[in-house]
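Written below as structure tokens is the structure these notes are about.
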Amino acid sequence: MEYEPTLGFAKAQDQADPIGSYRDHFHFPQLNTPEMAYFSGHSLGLQPRSVRASVEVELEEWAKYGVEGHFHSTHPWYSYHELLTPPMARIVGARESEVVCMNSLTTNIHLLFVSFYRPTASRYKIISEARMFPSDRYLLETQAAFHGFDPDDAIIEVGPPEGEWLIRHEDILAAIEQNADELAMVFLGGVNYFTGQLFDMKALTQAAHQVGAVAGYDLAHAAGNVPLALHDWDVDFAAWCSYKYLNSGPGNAGAIFVHERHGEDFDLPRFGGWWGHDKDTRFQMKSGFQPMPGAEGWQLSNVPVLGMSAMKASLAVFDAVGMPALREKSERLTGYLEYTIDGLAGEFPDARISLITPRDPARRGSQISINIAGRERRLFDDMIARGVIADFREPCIIRIAPVPLYNSFEDVFTFGRVMRDLLRNSP
Ligand SMILES: *Cc1c(COP(=O)(O)O)cnc(C)c1O
């Protein structure tokens, strides 16, 4: 696609954008800054305007029905999570029996590790990526230690070659081969939070299976961002949160995927709670845990309805737009950001701006991370003060997410204009 560095070009793109009107379905922050361009959908998605009414329904029903709302409200709370399953399954390319919304992300991965990380004395290693999100790293360390292994021995981090940022696919495959006999699991972030690199989950899952290991993914930065086909890729398990690209609100419930192949394996060890217990006998309150078939059999607790009512509204937006249309715009919009950054890098060679995210659209979602060695933090703080909201990570990385649901080409143009001002005026 041909881009131009002008406001006229950006506006024309927005006018021709088939899903451009969805921008009006969101609240944009009012921060009293000169501009407003929000690029932090990778950390906290904006609030869909429809969320408030959806939450209010449940507040009213709670006031009206009290405990009777579990069965007699408009969307009975007893089975409220079931409303979220079909749209969530569509987002990640799963069958409905393979997905359930519950708990929060790190909690869910620990629960899934109970079932899928069952190391033996000889097969106990986990391959993961360097620069994992810290919560995942702590999770791996404590899981390894919990099973009596030295984390430094059990966790194999595949990193980029010296002096580079991106991990080579063939290096992960090589690590799988080298550790074939000792490998218990491949566990990666589907999209790395730091670099925005999208991994080839289909090929990695296949490679893990070939050596007798399982493959699991943290999709916090992938769900609602890139096309996923978890069922067809034969992924064993996955988990993700709903508050980043899925716009369900701060700290809201997450979701899990358990492949159909495992969903009715009742011999898998798991931690039980009443909400994972067979529905027909749940309220008999007897001993003897009998898990439900499918992902629902990993649930523990009854449903946090207020949060899930926000999620219900946010997922409805995804159903209205559909992942193919989102992806199509995402590639164009992210491409425009890349083009804009390349323009700045050319115009201000002394600023040493470089892109660390893959340039191949097939290897990234809607995030571009840039390295601004030297003047990073101040430039970033100045950006925020001007109203361009992105994210800073040590040592010198700015992560910018142009989210196709609510960001426009004009937002990207604004980013370029503000950066140009700042670079011109900073020593
Ligand atoms: C955002 C994120 C988390 C956050 O975990 P919570 O349990 O929801 O606090 C974990 N892992 C990754 C990869 C993330 O991007």
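Ordered as shown in the structure tokens, chains take letters A, B, and onward, while each chain numbers its residues from 1 and ligands are numbered from 1 in the order shown.
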
Extract, using only C-alpha atoms, all DNA, RNA and protein residues at most 9 Å from Val211 (chain A), discarding same-chain residues fewer than 6 positions from it, and format them as a CSV table (one decimal) with C-alpha atoms, in the first residue's frame.
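Result file follows (out-v5.csv):
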```
chain,number,residue,atom,x,y,z
A,176,ILE,CA,12.8,-27.8,20.8
A,177,GLU,CA,15.0,-30.3,18.9
A,179,ASN,CA,15.8,-30.6,24.3
A,180,ALA,CA,13.5,-33.1,22.7
A,181,ASP,CA,13.9,-35.8,25.4
A,183,LEU,CA,11.0,-31.1,27.1
```

Review point. Neighbours of ligand 1 within 7 Å, counting only C-alpha atoms and all ligand atoms, as a ChimeraX atom specification?
Key: /A:43,104-107,132-133,135-136,189,193,218-221,241,251

Selection to disk with all heavy atoms, as a CSV table (one decimal), in the first residue's frame:
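Output (again_39.csv):
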```csv
chain,number,residue,atom,x,y,z
A,43,SER,N,-2.4,-2.0,26.6
A,43,SER,CA,-2.4,-2.1,28.0
A,43,SER,C,-3.8,-2.0,28.6
A,43,SER,O,-4.1,-2.8,29.5
A,43,SER,CB,-1.6,-0.9,28.6
A,43,SER,OG,-0.2,-1.0,28.1
A,104,SER,N,-8.8,-14.5,36.5
A,104,SER,CA,-7.9,-13.5,35.8
A,104,SER,C,-6.7,-14.3,35.2
A,104,SER,O,-6.6,-15.5,35.5
A,104,SER,CB,-7.4,-12.4,36.8
A,104,SER,OG,-6.9,-13.0,37.9
A,105,LEU,N,-6.0,-13.6,34.4
A,105,LEU,CA,-5.0,-14.3,33.5
A,105,LEU,C,-4.0,-15.2,34.2
A,105,LEU,O,-3.9,-16.4,34.0
A,105,LEU,CB,-4.4,-13.3,32.6
A,105,LEU,CG,-3.3,-13.8,31.7
A,105,LEU,CD1,-3.7,-14.9,30.9
A,105,LEU,CD2,-2.7,-12.7,30.8
A,106,THR,N,-3.2,-14.6,35.1
A,106,THR,CA,-2.1,-15.3,35.8
A,106,THR,C,-2.7,-16.5,36.6
A,106,THR,O,-2.2,-17.6,36.6
A,106,THR,CB,-1.3,-14.4,36.6
A,106,THR,OG1,-0.9,-13.3,35.9
A,106,THR,CG2,0.0,-15.1,37.1
A,107,THR,N,-3.8,-16.2,37.3
A,107,THR,CA,-4.5,-17.3,38.0
A,107,THR,C,-4.8,-18.5,37.1
A,107,THR,O,-4.6,-19.6,37.4
A,107,THR,CB,-5.8,-16.8,38.6
A,107,THR,OG1,-5.5,-15.6,39.3
A,107,THR,CG2,-6.5,-17.8,39.5
A,132,MET,N,9.9,-12.3,28.5
A,132,MET,CA,8.5,-12.6,28.7
A,132,MET,C,7.9,-11.5,29.6
A,132,MET,O,8.6,-10.9,30.3
A,132,MET,CB,8.4,-13.9,29.5
A,132,MET,CG,8.3,-15.1,28.7
A,132,MET,SD,7.3,-16.4,29.6
A,132,MET,CE,6.2,-16.8,28.3
A,133,PHE,N,6.6,-11.4,29.5
A,133,PHE,CA,5.9,-10.5,30.5
A,133,PHE,C,6.3,-11.0,31.9
A,133,PHE,O,6.2,-12.2,32.2
A,133,PHE,CB,4.4,-10.6,30.3
A,133,PHE,CG,3.6,-9.5,30.9
A,133,PHE,CD1,3.5,-8.3,30.3
A,133,PHE,CD2,3.1,-9.7,32.2
A,133,PHE,CE1,2.7,-7.3,30.9
A,133,PHE,CE2,2.3,-8.7,32.8
A,133,PHE,CZ,2.2,-7.5,32.2
A,135,SER,N,4.9,-11.3,34.8
A,135,SER,CA,4.0,-12.2,35.5
A,135,SER,C,4.2,-13.7,35.0
A,135,SER,O,4.2,-14.6,35.8
A,135,SER,CB,2.6,-11.8,35.3
A,135,SER,OG,1.8,-12.4,36.3
A,136,ASP,N,4.4,-13.8,33.7
A,136,ASP,CA,4.6,-15.2,33.2
A,136,ASP,C,5.9,-15.8,33.6
A,136,ASP,O,6.1,-17.0,33.8
A,136,ASP,CB,4.5,-15.1,31.6
A,136,ASP,CG,3.2,-14.6,31.1
A,136,ASP,OD1,2.8,-13.5,31.5
A,136,ASP,OD2,2.5,-15.3,30.4
A,189,GLY,N,4.3,-16.3,24.8
A,189,GLY,CA,3.3,-15.2,24.6
A,189,GLY,C,3.0,-15.3,23.1
A,189,GLY,O,4.0,-15.2,22.3
A,193,TYR,N,4.8,-9.1,24.3
A,193,TYR,CA,4.3,-7.8,24.7
A,193,TYR,C,5.3,-6.6,24.5
A,193,TYR,O,5.0,-5.5,24.3
A,193,TYR,CB,4.0,-7.8,26.2
A,193,TYR,CG,5.1,-7.5,27.2
A,193,TYR,CD1,5.2,-6.2,27.8
A,193,TYR,CD2,6.1,-8.4,27.4
A,193,TYR,CE1,6.3,-5.9,28.6
A,193,TYR,CE2,7.2,-8.0,28.2
A,193,TYR,CZ,7.2,-6.8,28.8
A,193,TYR,OH,8.3,-6.5,29.6
A,218,ASP,N,0.2,-17.7,26.2
A,218,ASP,CA,-0.5,-16.6,26.9
A,218,ASP,C,-0.8,-15.6,25.7
A,218,ASP,O,0.0,-15.1,25.1
A,218,ASP,CB,0.5,-15.9,27.8
A,218,ASP,CG,-0.1,-14.8,28.5
A,218,ASP,OD1,-1.0,-14.1,28.0
A,218,ASP,OD2,0.3,-14.5,29.7
A,219,LEU,N,-2.1,-15.4,25.6
A,219,LEU,CA,-2.6,-14.6,24.4
A,219,LEU,C,-3.0,-13.2,24.8
A,219,LEU,O,-3.9,-12.6,24.1
A,219,LEU,CB,-3.7,-15.4,23.7
A,219,LEU,CG,-3.3,-16.8,23.2
A,219,LEU,CD1,-4.5,-17.5,22.6
A,219,LEU,CD2,-2.2,-16.7,22.2
A,220,ALA,N,-2.5,-12.7,25.9
A,220,ALA,CA,-2.9,-11.4,26.4
A,220,ALA,C,-2.8,-10.3,25.3
A,220,ALA,O,-3.6,-9.5,25.2
A,220,ALA,CB,-2.0,-11.0,27.6
A,221,HIS,N,-1.7,-10.4,24.5
A,221,HIS,CA,-1.5,-9.5,23.5
A,221,HIS,C,-1.9,-9.9,22.1
A,221,HIS,O,-1.7,-9.2,21.1
A,221,HIS,CB,0.0,-9.0,23.5
A,221,HIS,CG,0.3,-8.1,24.6
A,221,HIS,ND1,0.3,-6.7,24.5
A,221,HIS,CD2,0.6,-8.4,25.9
A,221,HIS,CE1,0.6,-6.2,25.6
A,221,HIS,NE2,0.7,-7.2,26.5
A,241,CYS,N,-6.3,-12.3,28.8
A,241,CYS,CA,-7.1,-11.3,29.6
A,241,CYS,C,-8.1,-10.6,28.7
A,241,CYS,O,-8.0,-10.7,27.5
A,241,CYS,CB,-6.2,-10.3,30.3
A,241,CYS,SG,-5.2,-9.4,29.2
A,251,GLY,N,-8.7,-4.9,34.8
A,251,GLY,CA,-8.7,-6.1,35.7
A,251,GLY,C,-9.8,-7.1,35.5
A,251,GLY,O,-10.0,-8.0,36.3
```

Review point. What's the 9 Å shell around region 297-307 of chain A, counting only C-alpha atoms, without same-chain residues fewer than 5 positions away, as a PyMOL selection string?
Key: chain A and resi 54-56+58-59+77-81+100-103+108+111-112+248-249+251-253+256+263-264+270-278+290-292+312

Practice item. Please identify all polymer residues within 7 Å of Ser128 (chain A), counting only C-alpha atoms, omitting same-chain residues fewer than 2 positions from it, and present them as a PyMOL selection string. Key: chain A and resi 126+130+156-158+186-188

Review point. Neighbours of Phe380 (chain A) within 12 Å (only C-alpha atoms; same-chain residues fewer than 2 positions away dropped), as a VMD selection string?
Key: chain A and resid 370 to 378 382 to 394 396 to 400 415 418 to 419 422 to 423 426

**Study point:** Residues of region 168-331 of chain A in alpha helix (DSSP H), written as a count of residues only
**Key:** 54

Check your understanding: Could you name the residues that touch Gly322 (chain A) at 10 Å or less, counting only C-alpha atoms, but leaving out those on the same chain fewer than 6 positions away, as a PyMOL selection string?
Key -> chain A and resi 87+90-91+224+316

Dump of N, CA and C atoms for the selected residues, as a PDB file, in the first residue's frame:
```
ATOM      1  N   PRO A  87     -19.054 -15.532  21.479  1.00  0.00           N
ATOM      2  CA  PRO A  87     -18.215 -14.478  20.877  1.00  0.00           C
ATOM      3  C   PRO A  87     -16.729 -14.670  21.189  1.00  0.00           C
ATOM      4  N   ARG A  90     -15.238 -17.278  18.933  1.00  0.00           N
ATOM      5  CA  ARG A  90     -15.007 -16.775  17.571  1.00  0.00           C
ATOM      6  C   ARG A  90     -13.724 -15.950  17.494  1.00  0.00           C
ATOM      7  N   ILE A  91     -13.452 -15.182  18.534  1.00  0.00           N
ATOM      8  CA  ILE A  91     -12.252 -14.322  18.527  1.00  0.00           C
ATOM      9  C   ILE A  91     -10.963 -15.144  18.479  1.00  0.00           C
ATOM     10  N   GLY A 224      -8.054 -10.684  20.137  1.00  0.00           N
ATOM     11  CA  GLY A 224      -8.683  -9.458  19.657  1.00  0.00           C
ATOM     12  C   GLY A 224      -7.742  -8.606  18.832  1.00  0.00           C
ATOM     13  N   ALA A 316     -19.565  -7.895  22.122  1.00  0.00           N
ATOM     14  CA  ALA A 316     -20.583  -7.692  21.074  1.00  0.00           C
ATOM     15  C   ALA A 316     -20.024  -6.813  19.950  1.00  0.00           C
TER      16      ALA A 316
END
```

Write out as a tab-separated table (two decimals) with N, CA, C and O atoms, in the first residue's frame each polymer residue whose atoms come within 12 Å of Glu328 (chain A), counting only C-alpha atoms; drop sequence neighbours fewer than 5 positions from it.
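Saved as part_0.tsv:
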```
chain	number	residue	atom	x	y	z
A	17	ASP	N	-12.70	4.31	5.27
A	17	ASP	CA	-12.55	3.15	6.16
A	17	ASP	C	-13.91	2.50	6.44
A	17	ASP	O	-14.77	3.12	7.05
A	18	PRO	N	-14.11	1.25	6.03
A	18	PRO	CA	-15.42	0.61	6.21
A	18	PRO	C	-15.81	0.43	7.68
A	18	PRO	O	-16.99	0.31	7.99
A	19	ILE	N	-14.83	0.39	8.59
A	19	ILE	CA	-15.20	0.23	10.01
A	19	ILE	C	-14.85	1.49	10.82
A	19	ILE	O	-14.81	1.47	12.04
A	225	ASN	N	-6.51	-9.08	18.65
A	225	ASN	CA	-5.50	-8.32	17.93
A	225	ASN	C	-5.14	-9.00	16.62
A	225	ASN	O	-5.11	-8.35	15.57
A	226	VAL	N	-4.85	-10.28	16.67
A	226	VAL	CA	-4.44	-11.02	15.46
A	226	VAL	C	-5.38	-12.21	15.25
A	226	VAL	O	-6.01	-12.67	16.19
A	227	PRO	N	-5.47	-12.70	14.01
A	227	PRO	CA	-6.32	-13.86	13.77
A	227	PRO	C	-5.75	-15.09	14.48
A	227	PRO	O	-4.54	-15.31	14.44
A	321	VAL	N	-18.13	-6.32	14.18
A	321	VAL	CA	-17.09	-5.97	13.20
A	321	VAL	C	-16.49	-7.21	12.55
A	321	VAL	O	-16.30	-7.26	11.34
A	322	GLY	N	-16.17	-8.19	13.37
A	322	GLY	CA	-15.55	-9.42	12.87
A	322	GLY	C	-14.04	-9.29	12.77
A	322	GLY	O	-13.52	-8.24	12.38
A	323	MET	N	-13.34	-10.34	13.11
A	323	MET	CA	-11.87	-10.30	13.09
A	323	MET	C	-11.29	-10.05	11.70
A	323	MET	O	-10.28	-9.34	11.58
A	333	LEU	N	-3.32	0.25	9.01
A	333	LEU	CA	-3.08	1.30	10.00
A	333	LEU	C	-1.69	1.16	10.63
A	333	LEU	O	-0.96	2.15	10.82
A	334	THR	N	-1.33	-0.08	10.96
A	334	THR	CA	0.00	-0.32	11.54
A	334	THR	C	1.07	0.01	10.50
A	334	THR	O	2.13	0.55	10.82
A	335	GLY	N	0.77	-0.30	9.25
A	335	GLY	CA	1.69	0.05	8.17
A	335	GLY	C	1.89	1.56	8.07
A	335	GLY	O	3.00	2.04	7.81
A	361	PRO	N	4.03	-7.78	8.02
A	361	PRO	CA	2.73	-7.72	8.68
A	361	PRO	C	2.25	-9.08	9.20
A	361	PRO	O	1.51	-9.15	10.19
A	362	ALA	N	2.70	-10.15	8.60
A	362	ALA	CA	2.29	-11.47	9.06
A	362	ALA	C	2.93	-11.85	10.38
A	362	ALA	O	2.54	-12.84	11.01
A	365	GLY	N	1.05	-7.73	15.16
A	365	GLY	CA	-0.34	-7.29	15.22
A	365	GLY	C	-0.36	-5.78	15.12
A	365	GLY	O	0.37	-5.20	14.32
A	366	SER	N	-1.21	-5.14	15.95
A	366	SER	CA	-1.26	-3.69	15.85
A	366	SER	C	-0.44	-3.05	16.97
A	366	SER	O	-0.97	-2.34	17.81
A	403	VAL	N	-5.00	0.82	17.37
A	403	VAL	CA	-6.02	-0.23	17.47
A	403	VAL	C	-7.10	0.01	16.41
A	403	VAL	O	-7.72	1.07	16.39
A	404	PRO	N	-7.32	-0.95	15.53
A	404	PRO	CA	-8.21	-0.71	14.39
A	404	PRO	C	-9.66	-0.43	14.77
A	404	PRO	O	-10.37	0.21	14.01
A	405	LEU	N	-10.09	-0.86	15.96
A	405	LEU	CA	-11.48	-0.60	16.34
A	405	LEU	C	-11.74	0.87	16.58
A	405	LEU	O	-12.81	1.37	16.29
```

Exercise for review: Calculate how many Å separate CA of Arg364 (chain A) from CA of Ala238 (chain A), rounding to one decimal.
Suggested key: 18.8 Å

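Taking CA of Asp265 (chain A) and CA of His231 (chain A) as the two end points, the separation is 16.5 Å.
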
Point to revise | For Ala313 (chain A), the nearest of the candidates A:Pro48, A:Pro358, A:Pro29, A:Gly20, counting only C-alpha atoms | key: A:Pro48

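The gap separating CA of Asp234 (chain A) from CA of Leu84 (chain A) is 22.3 Å, in Å to one decimal.
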